[in-house]
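Enquirer: Sharing a structure, written as structure tokens. Questions coming.
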Amino acid sequence: MNIFDMDIQLYEIYMVAGMSLVTFGIRYIMFPISGRFQFPKLFEQGLSYVPPVVLTAIIVPAVLMPTGDILNLKLSNPYLIGAIAACIVGGLFKNLLLTIVVSMAVFLGFQWIFAMG
Amino acid sequence: MNTNQSMLPEKNSPFFQFFKGAKDTFPLIVGAIPFGIIFGTLGATAGLSFAATLGMSIFVFAGASQFVCLSLVAAGTAWPMIVLTTFVVNLRHMLYGATMVPFYKKLHPLWKMVLSFGLTDETFAVAVTRYMQKDDAPYKEYYNLGSMVFMYANWNLCTIIGLTAGKTFPGISEWGLDFAMPATFIGIVIPYLVSRPMWASVITAGTVSILASGLPHKLGLMVAAVAGVTVGLVCEKLFFTQKEQA
């Protein structure tokens with residue numbers, strides 16, 4: 001069978017088209033409407049918190065609930081160990097590349113050891 | 001004479017800014033590579049066709065929501081519900097757009113469309129840092145474009161690699177490469193943690209994201225974000241008033 005199989009089902013076309021429109025709409029909408037009104041000062045102040053807050057709300061469940069339903073705070077949780085490594089390396093060196101590479105290595109290494117044991 | 005110099009792109013040329021943007025995005029690319037590959041490998045596992053999986057990376061270009069979509073497809077969710085969930089999961093990007101409004105103000109509408117298509121977490125983080133530097137260097141939009149094009153090309157290439165690898169090594173989706181996403185995001189968040197209100201808002205968001213994780217349709221994410229921003233603003237107000245009184 002050819003890997004580059006271009007068969008697609010109708011519901012998949014609707015789904016991908018819908019997701020594309022919705023995502024682009026969200027990212028674009030502020031530009032055409034922004035000239036028509038002034039954002040309240042408080043709203044603009046709040047925006048500076050958005051990136052770290054949203055990303056944290058994605059990180060914490062991914063790390064502490066890796067199976068998606070149960071809180072796993074055990075030190076046998078490789079996601080938790082990897083995240084701790086990322087926080088330590090990131091906090092000490094403030095270097096993004098180093099943070100990603102070291103924490104991925106710690107995560108994969110720990111997962112490997114855990115799978116062995 | 002100065003033939004040597006003319007060989008190099010000028011520091012403030014659009015070309016130079018484009019490559020600078022791509023270069024500064026490199027660390028995030030490293031995190032996106034396993035993330036994109038695992039997305040491709042999971043596509044078939046979830047029951048999506050090659051074309052739909054790749055089409056999502058080409059047209060949607062929003063990593064977190066693409067993963068959420070796969071889990072919903074695997075659970076047999078109807079497509080309108082998946083589109084609605086995508087809306088909720090990506091709603092944060094509206095705030096990215098709002099942040100960029102003053103920086104894109106003078107750009108042609110076509111520029112705004114292209115750059116807003118590429119407002120991923122990663123490119124937003126890199127580009128907003130550049131825009132907020134108080135120099136009046138021109139062509140910051142090319143810096144933004146460079147970051148976006150690099151992310152986009154990499155994301156689609158990794159999706160194809162993942163789709164191919166998924167057929168070749170069916171077990172690859174269990175290697176745990178999905179840790180790349182939290183690892184990258186932790187690296188992005190840490191430099192923001194410089195003030196007490198910022199710490200308070202991030203700790204709140206993290207706590208609420210766990211407490212609200214049972215909410216349907218990934219709504220916990222939005223609840224946690226709103227709670228975090230609110231706490232940040234309240235703390236800012238408190239510290240500010242204290243300073244005024246002192």
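Letters A, B, ... go to the chains of the structure tokens in the order shown; residues in each chain start at 1; ligands are counted from 1 in the same order.
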Counting only C-alpha atoms, a student should be able to say which residues of chain A come within 7 Å of chain B; what is the right answer, written as an NGL selection string?
Expert: :A and (3-8 or 11-12 or 15-16 or 18-20 or 22-24 or 26-28 or 30-31 or 46-47 or 49-50 or 52-62 or 79 or 83 or 86-87 or 90-91 or 94 or 96-97 or 99-100 or 103-104)
Enquirer: Rounded to one decimal, what separation in Å do you get between CA of Leu80 (chain A) and CA of Leu108 (chain A)?
Expert: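 Computing it gives 12.0 Å between the two atoms.
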Enquirer: Taking the backbone alone, and naming residues the way the document does, which bits of chain A are alpha helix (DSSP H) by DSSP, as a VMD selection string?
Expert: chain A and resid 10 to 28 30 to 34 41 to 47 50 to 64 78 to 93 96 to 116
Enquirer: Please, what distance in Å, to one decimal, runs between CA of Phe150 (chain B) and CA of Ala32 (chain B)?
Expert: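 Separation between CA of Phe150 (chain B) and CA of Ala32 (chain B): 11.0 Å.
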Enquirer: Could you tell me how far CA of Ala75 (chain B) sits from CA of Thr45 (chain B), in Å to one decimal place?
Expert: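 Separating CA of Thr45 (chain B) from CA of Ala75 (chain B) is a distance of 11.5 Å.
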